[in-house]
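**Student:** Below is one structure. I have some questions about it.
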Amino acid sequence: MKKVLVLGCNDVTKILLPELCREENDITDICLAAKDKAECNEYRKKLAGGRVRITTAGVDVTNKDATMMMVRIFGPELIVNLLPDELSIDVMRIALEIGASYIDSALLPDTSGTLLSKQFELFGEFRDKKLTAVVGCSYNPAVITSVVRRALKTSFDSIDSVDVLEVGTASEFSEYKDPLGLGSGEEKLEDAVAIEGGKPVKKKALSVKTVRELPDTGKKTFYMMSNKVVDDFLKEIPEIGNVRYFSPYTEGDSARDDEMIEVLKKAGMFSEEEIEIKGVKISPKEFIMKMMPAERKQVKPHGLTATGIVISGKRGGNDRTALHFAAADNDECFRKHGIYVDSYLEATAMLAGVKLMMNLRWQKAGVFTPCAFEPEMLLDTIKEGGFEYSETRDAEPVTLE
């Protein structure tokens, strides 16, 4: 592939674009396009002078006519979508119309429950045009499932269960605020979803936990949570009958401001009786909850972000449990790359996927996740970029508290 269109400027772009500029044997031109063209131009200035030509464009993909004009002028052979997940279908349709292959990191929810992701509804159109679309090319789930699939090929005769434990997730690096105390210090969490005996089961959020010590992270309490990696196993690797996802969870401090609450009560702002303001009816309580909601906000991550994959099964007729572990320090990652580990891991997975599409190793007509290809392709490519994980055999299985 020679011409690549990158849609979106975000933390992943910081890693992806400079690396793609080094792929001069496979790429001649890159167009970086986003709503803010000025931001795209900053990248072009930093990377100008190389053998790969960089152009920029300001584009809003919801304006299809203007977007198609830009895309047709550039004529990409591959579209790399870094835009928000909800725009994925729009960009896939642009790829179909222009005749370009496509890659993203999203797995859009499929409300029918029959597909892994809504993007698979376009499978037939990509197949008919002999184009490749790869979706969900992210660290979680693509790299995680690739690790398990390779373990099944090289270290196990069969795998009975997989437990994914992540440290340093968004739920840890956040703070919960409820200044009015109207949330009662409780947050609404999705039910935890696991696979048991090959079927999905739901558990009440935070009701299942385990205490585990991963390398360099210390002993932590992990709660079974809902996560897209479970659905990926269910749809793409159904032969593994038991899968769970765990993460630490920081209970929020309601941070009630009792003095302010008393003032608002005296002012009648907790009344549920509707009043009319300029033709709009709303209760004072509804208004104040809208203005001062209970919410969880992200804070700067620190320390390690890590993933442990505990795999249990059989080898040579004997029981075996292995721990595959990868970790990186957020402060060090930010100093080196200007982004935190979560974004760095996403960029690493996406970069590997783009390279595999550029050299035509990931080439099938239709819409696929990385599970459609040999796991060594993705894992070896990210290893070439400096990313590594360790394997510990004879590890302890995950036990519940």
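We name chains A, B, ... following the order of the structure tokens; residues begin at 1 in each chain, and ligands are numbered from 1 as shown.
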Quick one: residues within 9 Å of Lys129 in chain A, only C-alpha atoms counted, chain neighbours fewer than 3 positions away excluded, as number ranges by chain?
**Tutor:** A: 96, 99, 124-126, 132, 365-366
**Student:** Please, which residues of range 37-162 of chain A, numbered as in this document, come out helix (DSSP H, G or I) from DSSP, as a PyMOL selection string?
**Tutor:** chain A and resi 37-47+64-74+85-98+118-128+139-154
**Student:** Could you write out the selected residues, including C-alpha atoms, as a tab-separated table (two decimals), in the first residue's frame?
**Tutor:**
```tsv
chain	number	residue	atom	x	y	z
A	37	LYS	CA	-6.65	21.25	10.59
A	38	ALA	CA	-4.27	23.45	12.59
A	39	GLU	CA	-3.53	20.49	14.87
A	40	CYS	CA	-2.83	18.32	11.82
A	41	ASN	CA	-0.47	20.98	10.48
A	42	GLU	CA	1.58	20.84	13.67
A	43	TYR	CA	2.29	17.18	13.01
A	44	ARG	CA	3.20	17.94	9.41
A	45	LYS	CA	5.72	20.58	10.50
A	46	LYS	CA	7.38	18.19	12.94
A	47	LEU	CA	7.65	15.36	10.41
A	64	LYS	CA	-20.34	13.26	3.76
A	65	ASP	CA	-20.16	15.34	0.58
A	66	ALA	CA	-17.23	17.45	1.78
A	67	THR	CA	-15.47	14.39	3.19
A	68	MET	CA	-15.88	12.39	-0.02
A	69	MET	CA	-14.43	15.27	-2.05
A	70	MET	CA	-11.31	15.29	0.13
A	71	VAL	CA	-10.99	11.50	0.11
A	72	ARG	CA	-11.36	11.24	-3.66
A	73	ILE	CA	-8.70	13.89	-4.21
A	74	PHE	CA	-6.21	12.05	-1.99
A	85	ASP	CA	-16.15	5.01	18.04
A	86	GLU	CA	-19.61	6.26	17.11
A	87	LEU	CA	-18.28	7.48	13.74
A	88	SER	CA	-16.90	4.09	12.73
A	89	ILE	CA	-19.80	3.07	10.51
A	90	ASP	CA	-19.68	6.44	8.69
A	91	VAL	CA	-15.97	6.00	7.97
A	92	MET	CA	-16.42	2.38	6.88
A	93	ARG	CA	-19.00	3.49	4.35
A	94	ILE	CA	-16.55	6.09	3.05
A	95	ALA	CA	-13.94	3.34	2.63
A	96	LEU	CA	-16.45	1.23	0.71
A	97	GLU	CA	-17.37	4.09	-1.60
A	98	ILE	CA	-13.77	5.03	-2.36
A	118	LYS	CA	-22.18	-3.71	14.63
A	119	GLN	CA	-19.40	-3.21	12.07
A	120	PHE	CA	-19.91	-6.82	10.91
A	121	GLU	CA	-23.19	-5.78	9.30
A	122	LEU	CA	-21.01	-4.43	6.47
A	123	PHE	CA	-19.21	-7.76	5.96
A	124	GLY	CA	-20.98	-8.55	2.69
A	125	GLU	CA	-20.27	-5.14	1.17
A	126	PHE	CA	-16.54	-5.34	1.94
A	127	ARG	CA	-16.43	-8.93	0.68
A	128	ASP	CA	-18.18	-8.05	-2.58
A	139	TYR	CA	-4.66	-3.86	23.09
A	140	ASN	CA	-7.86	-5.01	24.75
A	141	PRO	CA	-9.13	-7.30	23.30
A	142	ALA	CA	-6.90	-7.94	20.25
A	143	VAL	CA	-3.52	-8.40	21.95
A	144	ILE	CA	-5.04	-10.25	24.92
A	145	THR	CA	-6.88	-12.77	22.74
A	146	SER	CA	-3.78	-13.19	20.54
A	147	VAL	CA	-1.73	-14.12	23.62
A	148	VAL	CA	-4.29	-16.78	24.56
A	149	ARG	CA	-4.58	-18.14	21.04
A	150	ARG	CA	-0.81	-18.49	20.76
A	151	ALA	CA	-0.68	-20.19	24.17
A	152	LEU	CA	-3.25	-22.69	22.90
A	153	LYS	CA	-0.98	-23.46	19.93
A	154	THR	CA	2.34	-23.66	21.76
```
**Student:** Where does range 200-247 of chain A meet range 315-335 of chain A within 9 Å, residue by residue, with the nearest atom pair and distance in Å to one decimal for each, counting only C-alpha atoms, listed by chain and rising number, as JSON lines?
**Tutor:**
```
{"residue": "A:Leu214", "atom": "CA", "partner": "A:Phe325", "partner_atom": "CA", "distance": 8.1}
{"residue": "A:Pro215", "atom": "CA", "partner": "A:Phe325", "partner_atom": "CA", "distance": 7.9}
{"residue": "A:Asp216", "atom": "CA", "partner": "A:Ala327", "partner_atom": "CA", "distance": 8.8}
```
**Student:** Store the residues of this selection in a file with N, CA and C atoms, as a tab-separated table (two decimals), in the first residue's frame.
**Tutor:**
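As written to disk, part.tsv reads:
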```tsv
chain	number	residue	atom	x	y	z
A	214	LEU	N	0.09	-9.49	41.47
A	214	LEU	CA	0.75	-9.56	40.18
A	214	LEU	C	2.16	-9.00	40.32
A	215	PRO	N	3.08	-9.36	39.44
A	215	PRO	CA	4.46	-8.88	39.56
A	215	PRO	C	4.54	-7.35	39.64
A	216	ASP	N	5.28	-6.86	40.61
A	216	ASP	CA	5.59	-5.43	40.76
A	216	ASP	C	4.39	-4.56	41.11
```
**Student:** What does the distance from CA of Val243 in chain A to CA of Glu401 in chain A come to in Å, to one decimal?
**Tutor:**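 Those two atoms sit 17.2 Å apart.
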**Student:** From range 30-187 of chain A, collect each residue whose DSSP state is strand (DSSP E) and return the set as a ChimeraX atom specification.
**Tutor:** /A:30-34,53-58,78-81,101-103,132-134,158-167,174-177
**Student:** Select, from A:Leu356, A:Ile261, A:Val135, A:Ile103, the residue with the minimum atom-to-atom distance to Ser117 in chain A, counting only C-alpha atoms.
**Tutor:**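 Under the stated criterion, the closest residue is A:Val135.
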**Student:** Could you list, as an MDAnalysis selection string, every residue within 12 Å of Pro238 in chain A, counting only C-alpha atoms and ignoring same-chain residues fewer than 2 positions away?
**Tutor:** chainID A and resid 145 149 159:162 195:200 230:236 240:243 371
**Student:** Those residues with N, CA and C atoms, as a PDB file, in the first residue's frame please?
**Tutor:**
```
ATOM      1  N   THR A 145      -6.404 -11.523  23.358  1.00  0.00           N
ATOM      2  CA  THR A 145      -6.876 -12.768  22.742  1.00  0.00           C
ATOM      3  C   THR A 145      -5.777 -13.418  21.902  1.00  0.00           C
ATOM      4  N   ARG A 149      -4.541 -17.253  22.210  1.00  0.00           N
ATOM      5  CA  ARG A 149      -4.577 -18.139  21.043  1.00  0.00           C
ATOM      6  C   ARG A 149      -3.201 -18.736  20.772  1.00  0.00           C
ATOM      7  N   ILE A 159      -7.432 -25.457  26.709  1.00  0.00           N
ATOM      8  CA  ILE A 159      -7.560 -24.407  27.724  1.00  0.00           C
ATOM      9  C   ILE A 159      -8.975 -24.449  28.286  1.00  0.00           C
ATOM     10  N   ASP A 160      -9.055 -24.576  29.621  1.00  0.00           N
ATOM     11  CA  ASP A 160     -10.352 -24.628  30.296  1.00  0.00           C
ATOM     12  C   ASP A 160     -10.857 -23.244  30.682  1.00  0.00           C
ATOM     13  N   SER A 161      -9.930 -22.371  31.130  1.00  0.00           N
ATOM     14  CA  SER A 161     -10.384 -21.070  31.631  1.00  0.00           C
ATOM     15  C   SER A 161      -9.323 -20.002  31.403  1.00  0.00           C
ATOM     16  N   VAL A 162      -9.802 -18.772  31.263  1.00  0.00           N
ATOM     17  CA  VAL A 162      -8.934 -17.594  31.145  1.00  0.00           C
ATOM     18  C   VAL A 162      -9.470 -16.523  32.075  1.00  0.00           C
ATOM     19  N   ILE A 195     -18.117 -15.814  31.146  1.00  0.00           N
ATOM     20  CA  ILE A 195     -18.507 -17.000  30.379  1.00  0.00           C
ATOM     21  C   ILE A 195     -18.319 -18.210  31.280  1.00  0.00           C
ATOM     22  N   GLU A 196     -19.378 -18.968  31.459  1.00  0.00           N
ATOM     23  CA  GLU A 196     -19.326 -20.184  32.263  1.00  0.00           C
ATOM     24  C   GLU A 196     -19.929 -21.323  31.453  1.00  0.00           C
ATOM     25  N   GLY A 197     -19.139 -22.368  31.232  1.00  0.00           N
ATOM     26  CA  GLY A 197     -19.626 -23.495  30.444  1.00  0.00           C
ATOM     27  C   GLY A 197     -19.997 -23.108  29.032  1.00  0.00           C
ATOM     28  N   GLY A 198     -19.301 -22.103  28.502  1.00  0.00           N
ATOM     29  CA  GLY A 198     -19.538 -21.677  27.127  1.00  0.00           C
ATOM     30  C   GLY A 198     -20.691 -20.724  26.943  1.00  0.00           C
ATOM     31  N   LYS A 199     -21.325 -20.319  28.055  1.00  0.00           N
ATOM     32  CA  LYS A 199     -22.476 -19.414  27.950  1.00  0.00           C
ATOM     33  C   LYS A 199     -22.257 -18.155  28.791  1.00  0.00           C
ATOM     34  N   PRO A 200     -22.761 -17.002  28.337  1.00  0.00           N
ATOM     35  CA  PRO A 200     -22.608 -15.778  29.117  1.00  0.00           C
ATOM     36  C   PRO A 200     -23.497 -15.796  30.351  1.00  0.00           C
ATOM     37  N   VAL A 230     -14.488 -10.179  27.143  1.00  0.00           N
ATOM     38  CA  VAL A 230     -15.298 -11.382  27.388  1.00  0.00           C
ATOM     39  C   VAL A 230     -16.145 -11.699  26.161  1.00  0.00           C
ATOM     40  N   ASP A 231     -16.748 -10.682  25.577  1.00  0.00           N
ATOM     41  CA  ASP A 231     -17.567 -10.891  24.387  1.00  0.00           C
ATOM     42  C   ASP A 231     -16.714 -11.375  23.221  1.00  0.00           C
ATOM     43  N   ASP A 232     -15.475 -10.869  23.136  1.00  0.00           N
ATOM     44  CA  ASP A 232     -14.579 -11.296  22.070  1.00  0.00           C
ATOM     45  C   ASP A 232     -14.276 -12.785  22.185  1.00  0.00           C
ATOM     46  N   PHE A 233     -14.021 -13.269  23.400  1.00  0.00           N
ATOM     47  CA  PHE A 233     -13.805 -14.702  23.599  1.00  0.00           C
ATOM     48  C   PHE A 233     -15.045 -15.499  23.213  1.00  0.00           C
ATOM     49  N   LEU A 234     -16.210 -15.019  23.639  1.00  0.00           N
ATOM     50  CA  LEU A 234     -17.459 -15.745  23.399  1.00  0.00           C
ATOM     51  C   LEU A 234     -17.718 -15.936  21.908  1.00  0.00           C
ATOM     52  N   LYS A 235     -17.480 -14.872  21.126  1.00  0.00           N
ATOM     53  CA  LYS A 235     -17.810 -14.934  19.706  1.00  0.00           C
ATOM     54  C   LYS A 235     -16.662 -15.474  18.849  1.00  0.00           C
ATOM     55  N   GLU A 236     -15.419 -15.199  19.261  1.00  0.00           N
ATOM     56  CA  GLU A 236     -14.288 -15.528  18.403  1.00  0.00           C
ATOM     57  C   GLU A 236     -13.513 -16.786  18.844  1.00  0.00           C
ATOM     58  N   ILE A 240     -13.028 -21.956  24.404  1.00  0.00           N
ATOM     59  CA  ILE A 240     -12.634 -21.684  25.786  1.00  0.00           C
ATOM     60  C   ILE A 240     -13.905 -21.386  26.570  1.00  0.00           C
ATOM     61  N   GLY A 241     -14.297 -22.323  27.408  1.00  0.00           N
ATOM     62  CA  GLY A 241     -15.633 -22.276  27.998  1.00  0.00           C
ATOM     63  C   GLY A 241     -15.801 -21.390  29.203  1.00  0.00           C
ATOM     64  N   ASN A 242     -14.691 -20.921  29.810  1.00  0.00           N
ATOM     65  CA  ASN A 242     -14.805 -20.122  31.032  1.00  0.00           C
ATOM     66  C   ASN A 242     -13.855 -18.922  30.955  1.00  0.00           C
ATOM     67  N   VAL A 243     -14.430 -17.727  30.989  1.00  0.00           N
ATOM     68  CA  VAL A 243     -13.641 -16.495  30.873  1.00  0.00           C
ATOM     69  C   VAL A 243     -14.190 -15.461  31.838  1.00  0.00           C
ATOM     70  N   CYS A 371      -8.628 -11.659  15.410  1.00  0.00           N
ATOM     71  CA  CYS A 371      -8.756 -13.098  15.649  1.00  0.00           C
ATOM     72  C   CYS A 371      -8.860 -13.903  14.362  1.00  0.00           C
TER      73      CYS A 371
END
```
**Student:** Can you work out the spacing between CA of Lys290 in chain A and CA of Glu276 in chain A in Å, to one decimal?
**Tutor:**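 Computing the Euclidean distance for CA of Lys290 in chain A and CA of Glu276 in chain A yields 16.4 Å.
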**Student:** How many Å lie between CA of Leu20 in chain A and CA of Thr55 in chain A, rounded to one decimal?
**Tutor:**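 Going from CA of Leu20 in chain A over to CA of Thr55 in chain A, I get 13.6 Å.
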**Student:** Show which residues sit within 7 Å of Ala57 in chain A, as a ChimeraX atom specification. Count only C-alpha atoms, and ignore same-chain residues fewer than 6 positions away.
**Tutor:** /A:32-34,37
**Student:** Write the selection just made, keeping C-alpha atoms, as a PDB file, in the first residue's frame?
**Tutor:**
```pdb
ATOM      1  CA  LEU A  32      -3.774  13.410   8.274  1.00  0.00           C
ATOM      2  CA  ALA A  33      -7.311  14.755   8.548  1.00  0.00           C
ATOM      3  CA  ALA A  34      -9.377  15.954  11.505  1.00  0.00           C
ATOM      4  CA  LYS A  37      -6.649  21.252  10.589  1.00  0.00           C
TER       5      LYS A  37
END
```
**Student:** Of the candidates A:Asp157, A:Glu77, A:Asp258, A:Asp110, which one gets nearest to Leu131 in chain A if we count only C-alpha atoms?
**Tutor:**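 The closest residue to Leu131 in chain A is A:Glu77.
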**Student:** Measuring atom to atom with only C-alpha atoms, identify which of A:Ala192, A:Ala106, A:Ile54, A:Val280 is nearest to Val134 in chain A.
**Tutor:** A:Ala106
**Student:** Taking 4 positions as the minimum chain separation for residues in the same chain, which residues sit within 12 Å of Thr348 in chain A when counting only C-alpha atoms? Answer as JSON, numbers by chain.
**Tutor:** {"A": [11, 12, 13, 14, 15, 16, 17, 19, 20, 105, 137, 138, 139, 140, 142, 143, 337, 341, 342, 343, 344, 352, 353, 354, 355, 378, 379, 380, 381, 382, 383, 384, 385, 386, 387, 388]}
**Student:** Take the residues from that selection and write them out as an mmCIF file, in the first residue's frame, keeping N, CA and C atoms.
**Tutor:**
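Just written: selection_8.cif:
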```
data_model
loop_
_atom_site.group_PDB
_atom_site.id
_atom_site.type_symbol
_atom_site.label_atom_id
_atom_site.label_comp_id
_atom_site.auth_asym_id
_atom_site.auth_seq_id
_atom_site.Cartn_x
_atom_site.Cartn_y
_atom_site.Cartn_z
ATOM 1 N N ASP A 11 -4.086 11.043 21.173
ATOM 2 C CA ASP A 11 -2.843 10.518 21.736
ATOM 3 C C ASP A 11 -2.252 9.395 20.888
ATOM 4 N N VAL A 12 -3.092 8.593 20.269
ATOM 5 C CA VAL A 12 -2.593 7.511 19.431
ATOM 6 C C VAL A 12 -1.829 8.066 18.233
ATOM 7 N N THR A 13 -2.292 9.194 17.703
ATOM 8 C CA THR A 13 -1.630 9.822 16.556
ATOM 9 C C THR A 13 -0.173 10.154 16.865
ATOM 10 N N LYS A 14 0.093 10.541 18.121
ATOM 11 C CA LYS A 14 1.460 10.930 18.511
ATOM 12 C C LYS A 14 2.463 9.810 18.287
ATOM 13 N N ILE A 15 2.034 8.573 18.462
ATOM 14 C CA ILE A 15 2.905 7.421 18.252
ATOM 15 C C ILE A 15 2.803 6.927 16.815
ATOM 16 N N LEU A 16 1.583 6.835 16.321
ATOM 17 C CA LEU A 16 1.328 6.195 15.031
ATOM 18 C C LEU A 16 1.964 6.948 13.868
ATOM 19 N N LEU A 17 1.761 8.254 13.790
ATOM 20 C CA LEU A 17 2.181 9.000 12.605
ATOM 21 C C LEU A 17 3.700 8.994 12.400
ATOM 22 N N GLU A 19 5.846 6.812 13.355
ATOM 23 C CA GLU A 19 6.257 5.458 12.991
ATOM 24 C C GLU A 19 5.884 5.133 11.548
ATOM 25 N N LEU A 20 4.711 5.576 11.102
ATOM 26 C CA LEU A 20 4.315 5.319 9.721
ATOM 27 C C LEU A 20 5.222 6.056 8.739
ATOM 28 N N SER A 105 -10.017 0.668 16.004
ATOM 29 C CA SER A 105 -9.828 -0.026 17.282
ATOM 30 C C SER A 105 -11.148 -0.260 17.998
ATOM 31 N N CYS A 137 -8.918 -3.400 16.585
ATOM 32 C CA CYS A 137 -7.469 -3.624 16.677
ATOM 33 C C CYS A 137 -6.903 -2.765 17.806
ATOM 34 N N SER A 138 -7.148 -3.211 19.021
ATOM 35 C CA SER A 138 -6.702 -2.491 20.210
ATOM 36 C C SER A 138 -6.013 -3.490 21.149
ATOM 37 N N TYR A 139 -5.342 -2.970 22.148
ATOM 38 C CA TYR A 139 -4.661 -3.860 23.091
ATOM 39 C C TYR A 139 -5.666 -4.802 23.750
ATOM 40 N N ASN A 140 -6.762 -4.225 24.203
ATOM 41 C CA ASN A 140 -7.865 -5.008 24.753
ATOM 42 C C ASN A 140 -9.050 -4.843 23.812
ATOM 43 N N ALA A 142 -7.634 -7.242 21.315
ATOM 44 C CA ALA A 142 -6.896 -7.936 20.253
ATOM 45 C C ALA A 142 -5.606 -8.579 20.733
ATOM 46 N N VAL A 143 -4.786 -7.836 21.498
ATOM 47 C CA VAL A 143 -3.516 -8.401 21.947
ATOM 48 C C VAL A 143 -3.762 -9.489 22.995
ATOM 49 N N HIS A 337 7.043 9.512 25.797
ATOM 50 C CA HIS A 337 6.175 9.615 24.624
ATOM 51 C C HIS A 337 5.158 10.751 24.688
ATOM 52 N N VAL A 341 0.064 5.169 29.561
ATOM 53 C CA VAL A 341 0.209 3.783 29.106
ATOM 54 C C VAL A 341 -0.997 3.296 28.319
ATOM 55 N N ASP A 342 -2.213 3.596 28.782
ATOM 56 C CA ASP A 342 -3.402 3.134 28.062
ATOM 57 C C ASP A 342 -3.345 3.544 26.594
ATOM 58 N N SER A 343 -3.041 4.821 26.344
ATOM 59 C CA SER A 343 -2.972 5.317 24.970
ATOM 60 C C SER A 343 -1.797 4.702 24.224
ATOM 61 N N TYR A 344 -0.678 4.507 24.925
ATOM 62 C CA TYR A 344 0.494 3.909 24.295
ATOM 63 C C TYR A 344 0.201 2.477 23.832
ATOM 64 N N ALA A 352 0.806 -1.944 14.835
ATOM 65 C CA ALA A 352 1.076 -3.300 14.345
ATOM 66 C C ALA A 352 0.040 -3.710 13.303
ATOM 67 N N GLY A 353 -1.226 -3.401 13.565
ATOM 68 C CA GLY A 353 -2.274 -3.749 12.614
ATOM 69 C C GLY A 353 -2.113 -3.031 11.284
ATOM 70 N N VAL A 354 -1.766 -1.749 11.334
ATOM 71 C CA VAL A 354 -1.572 -0.979 10.104
ATOM 72 C C VAL A 354 -0.405 -1.558 9.302
ATOM 73 N N LYS A 355 0.691 -1.897 9.974
ATOM 74 C CA LYS A 355 1.840 -2.487 9.272
ATOM 75 C C LYS A 355 1.448 -3.788 8.582
ATOM 76 N N LEU A 378 0.348 -10.535 14.858
ATOM 77 C CA LEU A 378 0.190 -9.340 15.674
ATOM 78 C C LEU A 378 1.233 -9.287 16.783
ATOM 79 N N LEU A 379 1.428 -10.404 17.488
ATOM 80 C CA LEU A 379 2.347 -10.406 18.638
ATOM 81 C C LEU A 379 3.797 -10.174 18.211
ATOM 82 N N ASP A 380 4.207 -10.785 17.111
ATOM 83 C CA ASP A 380 5.583 -10.591 16.658
ATOM 84 C C ASP A 380 5.807 -9.167 16.160
ATOM 85 N N THR A 381 4.781 -8.578 15.559
ATOM 86 C CA THR A 381 4.920 -7.209 15.053
ATOM 87 C C THR A 381 5.023 -6.205 16.189
ATOM 88 N N ILE A 382 4.222 -6.373 17.243
ATOM 89 C CA ILE A 382 4.349 -5.429 18.355
ATOM 90 C C ILE A 382 5.651 -5.653 19.119
ATOM 91 N N LYS A 383 6.146 -6.893 19.121
ATOM 92 C CA LYS A 383 7.432 -7.161 19.771
ATOM 93 C C LYS A 383 8.565 -6.465 19.033
ATOM 94 N N GLU A 384 8.479 -6.426 17.706
ATOM 95 C CA GLU A 384 9.481 -5.720 16.910
ATOM 96 C C GLU A 384 9.520 -4.236 17.267
ATOM 97 N N GLY A 385 8.379 -3.710 17.726
ATOM 98 C CA GLY A 385 8.317 -2.306 18.125
ATOM 99 C C GLY A 385 8.786 -2.058 19.542
ATOM 100 N N GLY A 386 9.229 -3.110 20.244
ATOM 101 C CA GLY A 386 9.788 -2.948 21.586
ATOM 102 C C GLY A 386 8.878 -3.361 22.715
ATOM 103 N N PHE A 387 7.658 -3.803 22.411
ATOM 104 C CA PHE A 387 6.730 -4.200 23.460
ATOM 105 C C PHE A 387 6.915 -5.679 23.790
ATOM 106 N N GLU A 388 6.967 -6.018 25.085
ATOM 107 C CA GLU A 388 7.172 -7.396 25.487
ATOM 108 C C GLU A 388 6.239 -7.776 26.639
#
```
